[in-house]
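So this one's target_5.pdb, PDB, C-alpha atoms, pLDDT in the B column:
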ATOM      1  CA  MET H   1      46.018 -75.068   8.375  1.00 31.00           C
ATOM      2  CA  GLU H   2      48.456 -73.710   5.808  1.00 41.00           C
ATOM      3  CA  THR H   3      51.308 -71.689   7.292  1.00 45.00           C
ATOM      4  CA  LEU H   4      51.652 -68.199   5.875  1.00 52.00           C
ATOM      5  CA  ASP H   5      55.127 -67.396   4.558  1.00 63.00           C
ATOM      6  CA  LEU H   6      56.154 -64.233   6.399  1.00 76.00           C
ATOM      7  CA  ALA H   7      59.283 -63.484   4.404  1.00 85.00           C
ATOM      8  CA  PRO H   8      58.953 -59.937   3.013  1.00 91.00           C
ATOM      9  CA  VAL H   9      57.158 -59.785  -0.318  1.00 91.00           C
ATOM     10  CA  ASN H  10      57.717 -56.078  -1.005  1.00 95.00           C
ATOM     11  CA  LEU H  11      61.424 -56.009  -0.201  1.00 96.00           C
ATOM     12  CA  ARG H  12      63.461 -54.480  -2.987  1.00 96.00           C
ATOM     13  CA  ASP H  13      66.816 -52.849  -3.510  1.00 97.00           C
ATOM     14  CA  LEU H  14      66.685 -49.212  -4.636  1.00 97.00           C
ATOM     15  CA  GLY H  15      69.854 -49.718  -6.641  1.00 97.00           C
ATOM     16  CA  GLY H  16      70.057 -49.147 -10.385  1.00 97.00           C
ATOM     17  CA  LEU H  17      67.654 -46.209 -10.652  1.00 98.00           C
ATOM     18  CA  PRO H  18      68.704 -43.238 -12.794  1.00 98.00           C
ATOM     19  CA  VAL H  19      69.479 -40.092 -10.794  1.00 98.00           C
ATOM     20  CA  ASP H  20      71.428 -36.889 -11.352  1.00 96.00           C
ATOM     21  CA  GLY H  21      75.003 -37.839 -12.232  1.00 93.00           C
ATOM     22  CA  GLY H  22      74.607 -41.604 -12.322  1.00 96.00           C
ATOM     23  CA  VAL H  23      72.493 -44.406 -10.888  1.00 98.00           C
ATOM     24  CA  THR H  24      71.639 -45.447  -7.366  1.00 98.00           C
ATOM     25  CA  ARG H  25      74.165 -47.833  -5.892  1.00 97.00           C
ATOM     26  CA  GLY H  26      72.955 -51.372  -5.221  1.00 97.00           C
ATOM     27  CA  GLY H  27      73.082 -53.064  -1.844  1.00 97.00           C
ATOM     28  CA  VAL H  28      73.026 -49.954   0.348  1.00 98.00           C
ATOM     29  CA  LEU H  29      69.358 -48.923   0.584  1.00 98.00           C
ATOM     30  CA  LEU H  30      66.374 -51.268   0.625  1.00 98.00           C
ATOM     31  CA  ARG H  31      62.659 -50.632   1.016  1.00 98.00           C
ATOM     32  CA  SER H  32      60.341 -53.241   2.442  1.00 97.00           C
ATOM     33  CA  ASP H  33      57.070 -54.262   3.957  1.00 94.00           C
ATOM     34  CA  ASP H  34      57.123 -55.260   7.645  1.00 93.00           C
ATOM     35  CA  VAL H  35      60.478 -56.809   8.546  1.00 94.00           C
ATOM     36  CA  SER H  36      59.496 -57.540  12.150  1.00 92.00           C
ATOM     37  CA  VAL H  37      57.817 -60.847  11.343  1.00 87.00           C
ATOM     38  CA  MET H  38      60.331 -62.323   8.916  1.00 92.00           C
ATOM     39  CA  PRO H  39      61.886 -65.725   9.616  1.00 93.00           C
ATOM     40  CA  ALA H  40      65.122 -65.665  11.586  1.00 94.00           C
ATOM     41  CA  ASP H  41      67.119 -67.216   8.752  1.00 95.00           C
ATOM     42  CA  PHE H  42      65.879 -64.497   6.374  1.00 95.00           C
ATOM     43  CA  ALA H  43      67.013 -61.830   8.840  1.00 96.00           C
ATOM     44  CA  ARG H  44      70.415 -63.452   9.178  1.00 96.00           C
ATOM     45  CA  LYS H  45      70.809 -63.462   5.383  1.00 96.00           C
ATOM     46  CA  MET H  46      70.021 -59.730   5.300  1.00 96.00           C
ATOM     47  CA  VAL H  47      72.680 -59.051   7.906  1.00 97.00           C
ATOM     48  CA  ASP H  48      75.155 -61.257   6.064  1.00 96.00           C
ATOM     49  CA  ASP H  49      74.401 -59.155   2.964  1.00 96.00           C
ATOM     50  CA  GLY H  50      75.324 -55.969   4.818  1.00 97.00           C
ATOM     51  CA  VAL H  51      72.210 -54.560   6.507  1.00 98.00           C
ATOM     52  CA  ARG H  52      73.321 -52.576   9.543  1.00 98.00           C
ATOM     53  CA  GLN H  53      70.351 -50.373  10.329  1.00 97.00           C
ATOM     54  CA  VAL H  54      66.571 -50.482  10.247  1.00 98.00           C
ATOM     55  CA  ILE H  55      64.358 -47.414   9.889  1.00 98.00           C
ATOM     56  CA  ASP H  56      60.848 -48.272  11.082  1.00 97.00           C
ATOM     57  CA  LEU H  57      58.219 -45.860   9.739  1.00 96.00           C
ATOM     58  CA  ARG H  58      55.282 -47.604  11.428  1.00 93.00           C
ATOM     59  CA  SER H  59      53.167 -46.029  14.126  1.00 91.00           C
ATOM     60  CA  ALA H  60      53.920 -46.698  17.788  1.00 91.00           C
ATOM     61  CA  GLU H  61      50.824 -48.909  17.834  1.00 86.00           C
ATOM     62  CA  GLU H  62      52.155 -51.136  15.060  1.00 86.00           C
ATOM     63  CA  ALA H  63      55.670 -51.281  16.476  1.00 90.00           C
ATOM     64  CA  LEU H  64      54.251 -52.375  19.830  1.00 89.00           C
ATOM     65  CA  PHE H  65      51.993 -54.947  18.173  1.00 84.00           C
ATOM     66  CA  THR H  66      54.641 -56.945  16.314  1.00 85.00           C
ATOM     67  CA  GLY H  67      57.848 -55.609  17.843  1.00 89.00           C
ATOM     68  CA  ARG H  68      61.217 -55.273  16.147  1.00 93.00           C
ATOM     69  CA  GLY H  69      61.573 -58.885  15.109  1.00 94.00           C
ATOM     70  CA  PRO H  70      64.630 -61.009  14.321  1.00 95.00           C
ATOM     71  CA  LEU H  71      66.704 -58.124  12.965  1.00 96.00           C
ATOM     72  CA  THR H  72      67.162 -57.226  16.641  1.00 95.00           C
ATOM     73  CA  MET H  73      70.720 -58.469  16.908  1.00 94.00           C
ATOM     74  CA  PRO H  74      74.171 -57.077  17.720  1.00 94.00           C
ATOM     75  CA  GLY H  75      75.507 -54.797  15.015  1.00 94.00           C
ATOM     76  CA  VAL H  76      72.088 -53.732  13.675  1.00 97.00           C
ATOM     77  CA  ASN H  77      70.839 -50.310  14.751  1.00 97.00           C
ATOM     78  CA  TYR H  78      67.103 -49.693  15.019  1.00 97.00           C
ATOM     79  CA  HIS H  79      65.478 -46.278  14.522  1.00 97.00           C
ATOM     80  CA  HIS H  80      61.757 -45.705  15.007  1.00 97.00           C
ATOM     81  CA  LEU H  81      60.571 -42.721  12.947  1.00 97.00           C
ATOM     82  CA  PRO H  82      56.751 -42.995  12.847  1.00 95.00           C
ATOM     83  CA  LEU H  83      55.103 -41.114  10.002  1.00 95.00           C
ATOM     84  CA  THR H  84      51.533 -41.749  11.189  1.00 90.00           C
ATOM     85  CA  ALA H  85      49.865 -41.865  14.585  1.00 83.00           C
ATOM     86  CA  SER H  86      48.076 -45.200  14.214  1.00 70.00           C
ATOM     87  CA  VAL H  87      47.670 -48.132  11.873  1.00 57.00           C
ATOM     88  CA  SER H  88      44.291 -49.173  10.532  1.00 47.00           C
ATOM     89  CA  MET H  89      42.609 -45.788  10.322  1.00 45.00           C
ATOM     90  CA  PRO H  90      45.202 -43.096  11.058  1.00 48.00           C
ATOM     91  CA  GLU H  91      43.568 -40.061  12.547  1.00 50.00           C
ATOM     92  CA  ASP H  92      44.730 -37.956   9.619  1.00 50.00           C
ATOM     93  CA  ILE H  93      43.100 -40.254   7.039  1.00 57.00           C
ATOM     94  CA  ASP H  94      39.401 -39.649   6.613  1.00 60.00           C
ATOM     95  CA  ARG H  95      36.951 -42.340   5.600  1.00 63.00           C
ATOM     96  CA  GLU H  96      36.499 -40.882   2.132  1.00 67.00           C
ATOM     97  CA  LEU H  97      40.166 -41.533   1.406  1.00 70.00           C
ATOM     98  CA  MET H  98      39.739 -45.167   2.445  1.00 65.00           C
ATOM     99  CA  SER H  99      36.614 -45.617   0.335  1.00 68.00           C
ATOM    100  CA  ALA H 100      36.236 -47.226  -3.093  1.00 71.00           C
ATOM    101  CA  SER H 101      35.726 -43.787  -4.615  1.00 77.00           C
ATOM    102  CA  ALA H 102      39.098 -42.423  -3.499  1.00 82.00           C
ATOM    103  CA  THR H 103      41.148 -40.994  -6.367  1.00 92.00           C
ATOM    104  CA  PRO H 104      44.915 -40.891  -6.946  1.00 92.00           C
ATOM    105  CA  GLU H 105      44.729 -37.118  -6.543  1.00 94.00           C
ATOM    106  CA  GLN H 106      43.306 -37.538  -3.031  1.00 92.00           C
ATOM    107  CA  VAL H 107      45.954 -40.093  -2.124  1.00 93.00           C
ATOM    108  CA  GLY H 108      48.715 -37.887  -3.500  1.00 96.00           C
ATOM    109  CA  THR H 109      47.444 -34.928  -1.524  1.00 95.00           C
ATOM    110  CA  TRP H 110      47.552 -37.007   1.656  1.00 94.00           C
ATOM    111  CA  TYR H 111      51.098 -38.111   0.823  1.00 96.00           C
ATOM    112  CA  ALA H 112      52.062 -34.463   0.340  1.00 97.00           C
ATOM    113  CA  GLY H 113      50.662 -33.745   3.790  1.00 95.00           C
ATOM    114  CA  LEU H 114      52.912 -36.453   5.239  1.00 95.00           C
ATOM    115  CA  VAL H 115      55.950 -34.773   3.707  1.00 97.00           C
ATOM    116  CA  GLU H 116      54.875 -31.415   5.124  1.00 97.00           C
ATOM    117  CA  ASN H 117      53.830 -32.611   8.571  1.00 95.00           C
ATOM    118  CA  GLN H 118      56.601 -35.158   9.073  1.00 97.00           C
ATOM    119  CA  ALA H 119      59.409 -33.219   7.431  1.00 98.00           C
ATOM    120  CA  ARG H 120      61.615 -33.386  10.530  1.00 97.00           C
ATOM    121  CA  GLN H 121      61.240 -37.159  10.712  1.00 97.00           C
ATOM    122  CA  LEU H 122      62.076 -37.429   7.032  1.00 98.00           C
ATOM    123  CA  ALA H 123      65.117 -35.171   7.411  1.00 98.00           C
ATOM    124  CA  LEU H 124      66.334 -37.321  10.295  1.00 98.00           C
ATOM    125  CA  GLY H 125      65.752 -40.462   8.256  1.00 98.00           C
ATOM    126  CA  LEU H 126      67.824 -39.181   5.356  1.00 98.00           C
ATOM    127  CA  THR H 127      70.554 -38.207   7.817  1.00 97.00           C
ATOM    128  CA  LEU H 128      70.575 -41.741   9.222  1.00 98.00           C
ATOM    129  CA  VAL H 129      70.844 -43.223   5.728  1.00 98.00           C
ATOM    130  CA  ALA H 130      73.695 -40.895   4.798  1.00 97.00           C
ATOM    131  CA  MET H 131      75.714 -41.297   7.987  1.00 96.00           C
ATOM    132  CA  GLY H 132      75.008 -44.906   8.907  1.00 95.00           C
ATOM    133  CA  GLU H 133      77.426 -47.734   8.293  1.00 93.00           C
ATOM    134  CA  GLY H 134      76.510 -50.510   5.911  1.00 96.00           C
ATOM    135  CA  ALA H 135      73.129 -50.929   4.285  1.00 98.00           C
ATOM    136  CA  THR H 136      69.818 -49.542   5.527  1.00 98.00           C
ATOM    137  CA  VAL H 137      66.377 -51.107   5.210  1.00 98.00           C
ATOM    138  CA  PHE H 138      63.380 -48.827   5.752  1.00 98.00           C
ATOM    139  CA  HIS H 139      59.859 -50.158   6.081  1.00 97.00           C
ATOM    140  CA  CYS H 140      56.276 -49.731   7.234  1.00 94.00           C
ATOM    141  CA  ALA H 141      53.565 -52.413   7.188  1.00 90.00           C
ATOM    142  CA  ALA H 142      52.964 -52.910   3.468  1.00 90.00           C
ATOM    143  CA  GLY H 143      55.974 -50.998   2.167  1.00 94.00           C
ATOM    144  CA  LYS H 144      53.674 -48.820   0.062  1.00 94.00           C
ATOM    145  CA  ASP H 145      52.437 -45.548   1.573  1.00 94.00           C
ATOM    146  CA  ARG H 146      54.855 -44.366   4.263  1.00 96.00           C
ATOM    147  CA  THR H 147      57.702 -46.314   2.707  1.00 97.00           C
ATOM    148  CA  GLY H 148      56.759 -44.890  -0.690  1.00 98.00           C
ATOM    149  CA  VAL H 149      56.869 -41.337   0.659  1.00 98.00           C
ATOM    150  CA  PHE H 150      60.267 -41.926   2.271  1.00 98.00           C
ATOM    151  CA  ALA H 151      61.621 -43.428  -0.947  1.00 98.00           C
ATOM    152  CA  ALA H 152      60.281 -40.484  -2.939  1.00 98.00           C
ATOM    153  CA  VAL H 153      62.075 -38.010  -0.679  1.00 98.00           C
ATOM    154  CA  VAL H 154      65.347 -39.940  -0.883  1.00 98.00           C
ATOM    155  CA  LEU H 155      65.136 -40.172  -4.668  1.00 98.00           C
ATOM    156  CA  SER H 156      64.222 -36.493  -4.923  1.00 98.00           C
ATOM    157  CA  ALA H 157      67.337 -35.613  -2.921  1.00 98.00           C
ATOM    158  CA  LEU H 158      69.399 -37.659  -5.382  1.00 98.00           C
ATOM    159  CA  GLY H 159      67.913 -35.891  -8.398  1.00 98.00           C
ATOM    160  CA  ALA H 160      65.679 -38.660  -9.727  1.00 98.00           C
ATOM    161  CA  SER H 161      63.055 -37.613 -12.265  1.00 98.00           C
ATOM    162  CA  PRO H 162      59.374 -37.492 -11.264  1.00 98.00           C
ATOM    163  CA  ASP H 163      58.697 -40.435 -13.577  1.00 98.00           C
ATOM    164  CA  THR H 164      61.413 -42.537 -11.908  1.00 98.00           C
ATOM    165  CA  ILE H 165      59.977 -41.769  -8.468  1.00 98.00           C
ATOM    166  CA  SER H 166      56.438 -42.656  -9.524  1.00 98.00           C
ATOM    167  CA  ALA H 167      57.555 -45.852 -11.263  1.00 98.00           C
ATOM    168  CA  ASP H 168      59.375 -47.019  -8.136  1.00 98.00           C
ATOM    169  CA  TYR H 169      56.213 -46.440  -6.097  1.00 97.00           C
ATOM    170  CA  ALA H 170      54.016 -48.250  -8.629  1.00 96.00           C
ATOM    171  CA  ALA H 171      56.242 -51.349  -8.562  1.00 96.00           C
ATOM    172  CA  THR H 172      54.367 -52.340  -5.404  1.00 94.00           C
ATOM    173  CA  ALA H 173      51.162 -52.901  -7.402  1.00 92.00           C
ATOM    174  CA  ALA H 174      52.199 -56.347  -8.611  1.00 91.00           C
ATOM    175  CA  ARG H 175      52.891 -57.427  -5.021  1.00 90.00           C
ATOM    176  CA  LEU H 176      49.607 -56.298  -3.481  1.00 87.00           C
ATOM    177  CA  PRO H 177      47.776 -59.636  -3.886  1.00 84.00           C
ATOM    178  CA  ARG H 178      50.409 -61.275  -1.668  1.00 84.00           C
ATOM    179  CA  LEU H 179      50.579 -58.351   0.766  1.00 83.00           C
ATOM    180  CA  PHE H 180      46.916 -58.186   1.757  1.00 77.00           C
ATOM    181  CA  PRO H 181      46.584 -61.681   3.271  1.00 74.00           C
ATOM    182  CA  ARG H 182      49.891 -61.223   5.115  1.00 71.00           C
ATOM    183  CA  LEU H 183      48.665 -57.988   6.673  1.00 71.00           C
ATOM    184  CA  ARG H 184      45.363 -59.571   7.644  1.00 68.00           C
ATOM    185  CA  ALA H 185      47.165 -62.520   9.277  1.00 63.00           C
ATOM    186  CA  ILE H 186      49.514 -60.254  11.227  1.00 60.00           C
ATOM    187  CA  MET H 187      47.125 -57.486  12.293  1.00 56.00           C
ATOM    188  CA  GLY H 188      43.686 -59.007  11.959  1.00 56.00           C
ATOM    189  CA  GLY H 189      40.948 -56.664  13.132  1.00 50.00           C
ATOM    190  CA  LEU H 190      43.271 -53.666  13.259  1.00 47.00           C
ATOM    191  CA  LEU H 191      42.930 -53.386   9.491  1.00 51.00           C
ATOM    192  CA  PRO H 192      39.982 -51.799   7.671  1.00 50.00           C
ATOM    193  CA  GLU H 193      37.217 -54.195   6.720  1.00 50.00           C
ATOM    194  CA  VAL H 194      37.719 -53.329   3.044  1.00 48.00           C
ATOM    195  CA  MET H 195      40.925 -55.357   2.882  1.00 47.00           C
ATOM    196  CA  PRO H 196      40.426 -57.926   0.083  1.00 48.00           C
ATOM    197  CA  ALA H 197      40.809 -61.657   0.320  1.00 47.00           C
ATOM    198  CA  GLU H 198      43.848 -63.360  -1.196  1.00 45.00           C
ATOM    199  CA  GLY H 199      43.740 -63.393  -4.970  1.00 46.00           C
ATOM    200  CA  THR H 200      41.501 -60.333  -5.210  1.00 47.00           C
ATOM    201  CA  ASP H 201      42.558 -57.627  -7.645  1.00 48.00           C
ATOM    202  CA  ALA H 202      42.447 -54.486  -5.519  1.00 48.00           C
ATOM    203  CA  SER H 203      43.671 -52.110  -8.179  1.00 47.00           C
ATOM    204  CA  GLY H 204      40.343 -50.960  -9.536  1.00 52.00           C
ATOM    205  CA  LYS H 205      37.665 -51.914  -7.007  1.00 57.00           C
ATOM    206  CA  LEU H 206      38.769 -50.586  -3.646  1.00 61.00           C
ATOM    207  CA  GLY H 207      39.900 -47.069  -4.425  1.00 75.00           C
ATOM    208  CA  ALA H 208      43.319 -45.570  -4.981  1.00 82.00           C
ATOM    209  CA  MET H 209      44.389 -45.816  -1.341  1.00 81.00           C
ATOM    210  CA  MET H 210      44.295 -49.597  -1.561  1.00 81.00           C
ATOM    211  CA  GLY H 211      46.303 -49.639  -4.793  1.00 87.00           C
ATOM    212  CA  ALA H 212      49.707 -48.389  -5.890  1.00 93.00           C
ATOM    213  CA  HIS H 213      49.011 -46.132  -8.847  1.00 95.00           C
ATOM    214  CA  ALA H 214      51.791 -44.067 -10.387  1.00 97.00           C
ATOM    215  CA  ALA H 215      49.222 -41.270 -10.613  1.00 97.00           C
ATOM    216  CA  SER H 216      49.086 -41.083  -6.801  1.00 96.00           C
ATOM    217  CA  MET H 217      52.817 -40.354  -6.603  1.00 98.00           C
ATOM    218  CA  ASP H 218      52.527 -38.014  -9.589  1.00 98.00           C
ATOM    219  CA  ALA H 219      49.892 -36.109  -7.632  1.00 98.00           C
ATOM    220  CA  MET H 220      52.032 -35.934  -4.480  1.00 98.00           C
ATOM    221  CA  GLN H 221      54.914 -34.449  -6.424  1.00 98.00           C
ATOM    222  CA  ALA H 222      52.665 -31.963  -8.220  1.00 98.00           C
ATOM    223  CA  VAL H 223      51.099 -30.773  -4.955  1.00 98.00           C
ATOM    224  CA  LEU H 224      54.476 -30.233  -3.290  1.00 98.00           C
ATOM    225  CA  VAL H 225      55.902 -28.416  -6.303  1.00 98.00           C
ATOM    226  CA  ARG H 226      52.828 -26.174  -6.405  1.00 98.00           C
ATOM    227  CA  ARG H 227      52.945 -25.411  -2.690  1.00 98.00           C
ATOM    228  CA  HIS H 228      56.702 -25.263  -2.085  1.00 98.00           C
ATOM    229  CA  GLY H 229      58.532 -25.167  -5.407  1.00 98.00           C
ATOM    230  CA  SER H 230      59.946 -28.683  -5.039  1.00 98.00           C
ATOM    231  CA  VAL H 231      59.272 -32.024  -3.390  1.00 98.00           C
ATOM    232  CA  LEU H 232      62.289 -31.584  -1.149  1.00 98.00           C
ATOM    233  CA  GLU H 233      61.688 -28.035   0.102  1.00 98.00           C
ATOM    234  CA  PRO H 234      59.681 -28.937   3.244  1.00 98.00           C
ATOM    235  CA  VAL H 235      62.428 -31.363   4.265  1.00 98.00           C
ATOM    236  CA  ARG H 236      65.092 -28.753   3.580  1.00 98.00           C
ATOM    237  CA  GLN H 237      63.213 -26.334   5.805  1.00 97.00           C
ATOM    238  CA  ALA H 238      63.178 -29.006   8.513  1.00 97.00           C
ATOM    239  CA  GLY H 239      66.968 -29.345   8.529  1.00 95.00           C
ATOM    240  CA  LEU H 240      68.115 -31.246   5.436  1.00 97.00           C
ATOM    241  CA  SER H 241      71.217 -29.323   4.380  1.00 97.00           C
ATOM    242  CA  ASP H 242      73.115 -29.218   1.094  1.00 97.00           C
ATOM    243  CA  GLY H 243      76.039 -30.852   2.872  1.00 97.00           C
ATOM    244  CA  LEU H 244      73.886 -33.733   4.046  1.00 97.00           C
ATOM    245  CA  ILE H 245      72.522 -34.199   0.529  1.00 97.00           C
ATOM    246  CA  GLU H 246      76.092 -34.447  -0.731  1.00 97.00           C
ATOM    247  CA  GLU H 247      76.828 -37.081   1.938  1.00 97.00           C
ATOM    248  CA  LEU H 248      73.723 -38.951   0.815  1.00 97.00           C
ATOM    249  CA  ARG H 249      74.794 -38.765  -2.816  1.00 97.00           C
ATOM    250  CA  GLY H 250      78.277 -39.971  -1.939  1.00 96.00           C
ATOM    251  CA  LYS H 251      76.834 -43.057  -0.323  1.00 97.00           C
ATOM    252  CA  LEU H 252      74.000 -43.832  -2.730  1.00 98.00           C
ATOM    253  CA  VAL H 253      75.054 -42.660  -6.208  1.00 97.00           C
ATOM    254  CA  ALA H 254      77.421 -44.513  -8.531  1.00 95.00           C
ATOM    255  CA  ASP H 255      78.665 -43.342 -11.913  1.00 84.00           C
ATOM    256  CA  ASP H 256      76.888 -44.774 -14.958  1.00 73.00           C
TER     257      ASP H 256
END
Let's see the structure in the file written out as structure tokens.
Amino acid sequence: METLDLAPVNLRDLGGLPVDGGVTRGGVLLRSDDVSVMPADFARKMVDDGVRQVIDLRSAEEALFTGRGPLTMPGVNYHHLPLTASVSMPEDIDRELMSASATPEQVGTWYAGLVENQARQLALGLTLVAMGEGATVFHCAAGKDRTGVFAAVVLSALGASPDTISADYAATAARLPRLFPRLRAIMGGLLPEVMPAEGTDASGKLGAMMGAHAASMDAMQAVLVRRHGSVLEPVRQAGLSDGLIEELRGKLVADD
């Protein structure tokens, strides 16, 4: 039987993105799919490269299932900030959203609900990024939905344009064919039955929830602006201060 390579396939540095007053600094904030199952030598390389804290956005169920993994080592802080209650069919995702007919607008509306309902978790996460030493990696299972929402909030706080935020989210699309078999191998029957086999193009056949369409993130931003005036306002109301945003900018933004 062929061994599945469990090194992250949706791990990427958020450095180099245009934001207000400059670009995001490289090597200080990384987004990823599940880091708990990576090989030990991969984890050691991440620590050698400066990773000092992990923000785990997975549900308690997922965190219990695969644990913290090889990044559990001295000098690396772990923070569990679940954005959903469960893994394969979160109680706040209805079956229509998981169906082949799901639209980017529906996905974006659900993402907006995460920002609203988990604003305190998101505010705490941004505080951890701003105040923590060294680099931070934040992740969920696929590094797409919950990780995409967290990234969008961070980039919004830094003054990134809506197009930049949506493009960062959509970069996951090219990695989906390698993500699906990994998730099936790790979680098996916990995943919805609609998960495609390796090599399947999920972008147009399984609905927007199973893809990574820029239009989904466009929709999230539009919903939050319509409801609150900005993407960041719910998180501000939950405790994200101007001072903390300045700390975040000081750590993450470099001059052009």
Among the residues H:Ser36, H:Ser241, H:Gln53, H:Ser59, the one that comes closest to Asn77 (chain H) [using only C-alpha atoms]: H:Gln53
I'd like the interatomic distance between CA of Leu30 (chain H) and CA of Arg182 (chain H), to a tenth of an Å.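 That distance, rounded to one decimal, is 19.8 Å.
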For Arg178 (chain H), the nearest of the candidates H:Leu29, H:Gly239, H:Ala142, H:Leu252, counting only C-alpha atoms: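 Using only C-alpha atoms, Arg178 (chain H) sits closest to H:Ala142.
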H:Ala7, H:Val235, H:Leu17, H:Ala170: which is nearest Asp255 (chain H), counting all atoms listed in the file? H:Leu17
Report the distance between CA of Gly21 (chain H) and CA of Met220 (chain H) in Å, rounded to one decimal place. 24.3 Å
Atomic separation - CA of Leu155 (chain H) relative to CA of Ala215 (chain H), Å: 17.0 Å
So what does the PyMOL selection byres ((chain H and resi 164) around 10) actually pick up in this one, as a VMD selection string? chain H and resid 17 to 19 152 155 to 156 159 to 163 165 to 170 214
May I have the residues from that selection written out with C-alpha atoms, as a PDB file, in the frame of the given file?
ATOM      1  CA  LEU H  17      67.654 -46.209 -10.652  1.00 98.00           C
ATOM      2  CA  PRO H  18      68.704 -43.238 -12.794  1.00 98.00           C
ATOM      3  CA  VAL H  19      69.479 -40.092 -10.794  1.00 98.00           C
ATOM      4  CA  ALA H 152      60.281 -40.484  -2.939  1.00 98.00           C
ATOM      5  CA  LEU H 155      65.136 -40.172  -4.668  1.00 98.00           C
ATOM      6  CA  SER H 156      64.222 -36.493  -4.923  1.00 98.00           C
ATOM      7  CA  GLY H 159      67.913 -35.891  -8.398  1.00 98.00           C
ATOM      8  CA  ALA H 160      65.679 -38.660  -9.727  1.00 98.00           C
ATOM      9  CA  SER H 161      63.055 -37.613 -12.265  1.00 98.00           C
ATOM     10  CA  PRO H 162      59.374 -37.492 -11.264  1.00 98.00           C
ATOM     11  CA  ASP H 163      58.697 -40.435 -13.577  1.00 98.00           C
ATOM     12  CA  ILE H 165      59.977 -41.769  -8.468  1.00 98.00           C
ATOM     13  CA  SER H 166      56.438 -42.656  -9.524  1.00 98.00           C
ATOM     14  CA  ALA H 167      57.555 -45.852 -11.263  1.00 98.00           C
ATOM     15  CA  ASP H 168      59.375 -47.019  -8.136  1.00 98.00           C
ATOM     16  CA  TYR H 169      56.213 -46.440  -6.097  1.00 97.00           C
ATOM     17  CA  ALA H 170      54.016 -48.250  -8.629  1.00 96.00           C
ATOM     18  CA  ALA H 214      51.791 -44.067 -10.387  1.00 97.00           C
TER      19      ALA H 214
END
Which residues are near region 121-127 of chain H? Cut-off 9 Å, only C-alpha atoms, ignore same chain within fewer than 4 positions. Put them as a PDB file with C-alpha atoms, in the frame of the given file.
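As a result, out32.pdb now contains:
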ATOM      1  CA  ILE H  55      64.358 -47.414   9.889  1.00 98.00           C
ATOM      2  CA  HIS H  79      65.478 -46.278  14.522  1.00 97.00           C
ATOM      3  CA  LEU H  81      60.571 -42.721  12.947  1.00 97.00           C
ATOM      4  CA  PRO H  82      56.751 -42.995  12.847  1.00 95.00           C
ATOM      5  CA  LEU H  83      55.103 -41.114  10.002  1.00 95.00           C
ATOM      6  CA  VAL H 115      55.950 -34.773   3.707  1.00 97.00           C
ATOM      7  CA  ASN H 117      53.830 -32.611   8.571  1.00 95.00           C
ATOM      8  CA  MET H 131      75.714 -41.297   7.987  1.00 96.00           C
ATOM      9  CA  GLY H 132      75.008 -44.906   8.907  1.00 95.00           C
ATOM     10  CA  PHE H 150      60.267 -41.926   2.271  1.00 98.00           C
ATOM     11  CA  VAL H 153      62.075 -38.010  -0.679  1.00 98.00           C
ATOM     12  CA  VAL H 154      65.347 -39.940  -0.883  1.00 98.00           C
ATOM     13  CA  VAL H 235      62.428 -31.363   4.265  1.00 98.00           C
ATOM     14  CA  ARG H 236      65.092 -28.753   3.580  1.00 98.00           C
ATOM     15  CA  ALA H 238      63.178 -29.006   8.513  1.00 97.00           C
ATOM     16  CA  GLY H 239      66.968 -29.345   8.529  1.00 95.00           C
ATOM     17  CA  LEU H 240      68.115 -31.246   5.436  1.00 97.00           C
ATOM     18  CA  SER H 241      71.217 -29.323   4.380  1.00 97.00           C
ATOM     19  CA  LEU H 244      73.886 -33.733   4.046  1.00 97.00           C
ATOM     20  CA  ILE H 245      72.522 -34.199   0.529  1.00 97.00           C
ATOM     21  CA  GLU H 247      76.828 -37.081   1.938  1.00 97.00           C
ATOM     22  CA  LEU H 248      73.723 -38.951   0.815  1.00 97.00           C
TER      23      LEU H 248
END
So what does the PyMOL selection byres ((chain H and resi 8-11) around 8) actually pick up in this one, as a PyMOL selection string? chain H and resi 6-7+12-13+30-35+38+142-143+172+175+178-179
Which protein, DNA or RNA residues are at most 12 Å from (58.7, -45.6, 14.9) in the file's coordinates when you count all atoms listed in the file, listed as a ChimeraX atom specification? /H:54-65,67-68,78-87,121-122,125,138-141,146
Exactly which residues make up the result of the PyMOL selection byres ((chain H and resi 103) around 8) on this file, given as a VMD selection string? chain H and resid 97 101 to 102 104 to 107 207 to 209 216
How would the residues just picked look written out with C-alpha atoms as a PDB file, in the coordinates of the input?
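Result saved to again.pdb:
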ATOM      1  CA  LEU H  97      40.166 -41.533   1.406  1.00 70.00           C
ATOM      2  CA  SER H 101      35.726 -43.787  -4.615  1.00 77.00           C
ATOM      3  CA  ALA H 102      39.098 -42.423  -3.499  1.00 82.00           C
ATOM      4  CA  PRO H 104      44.915 -40.891  -6.946  1.00 92.00           C
ATOM      5  CA  GLU H 105      44.729 -37.118  -6.543  1.00 94.00           C
ATOM      6  CA  GLN H 106      43.306 -37.538  -3.031  1.00 92.00           C
ATOM      7  CA  VAL H 107      45.954 -40.093  -2.124  1.00 93.00           C
ATOM      8  CA  GLY H 207      39.900 -47.069  -4.425  1.00 75.00           C
ATOM      9  CA  ALA H 208      43.319 -45.570  -4.981  1.00 82.00           C
ATOM     10  CA  MET H 209      44.389 -45.816  -1.341  1.00 81.00           C
ATOM     11  CA  SER H 216      49.086 -41.083  -6.801  1.00 96.00           C
TER      12      SER H 216
END
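Shell of Val225 (chain H) at 12 Å, with only C-alpha atoms counted and residues fewer than 5 places along the chain excluded, is Thr109, Ala112, Val115, Glu116, Ser156, Pro162, Asp218, Ala219, Met220, Ser230, Val231, Leu232, Glu233 and Pro234 of chain H.
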Would you please work out which residue, of H:Gly134, H:Gly69, H:Leu14, H:Gly75, is nearest to Ala171 (chain H) when using only C-alpha atoms?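 Comparing H:Gly134, H:Gly69, H:Leu14, H:Gly75 against Ala171 (chain H), the winner is H:Leu14.
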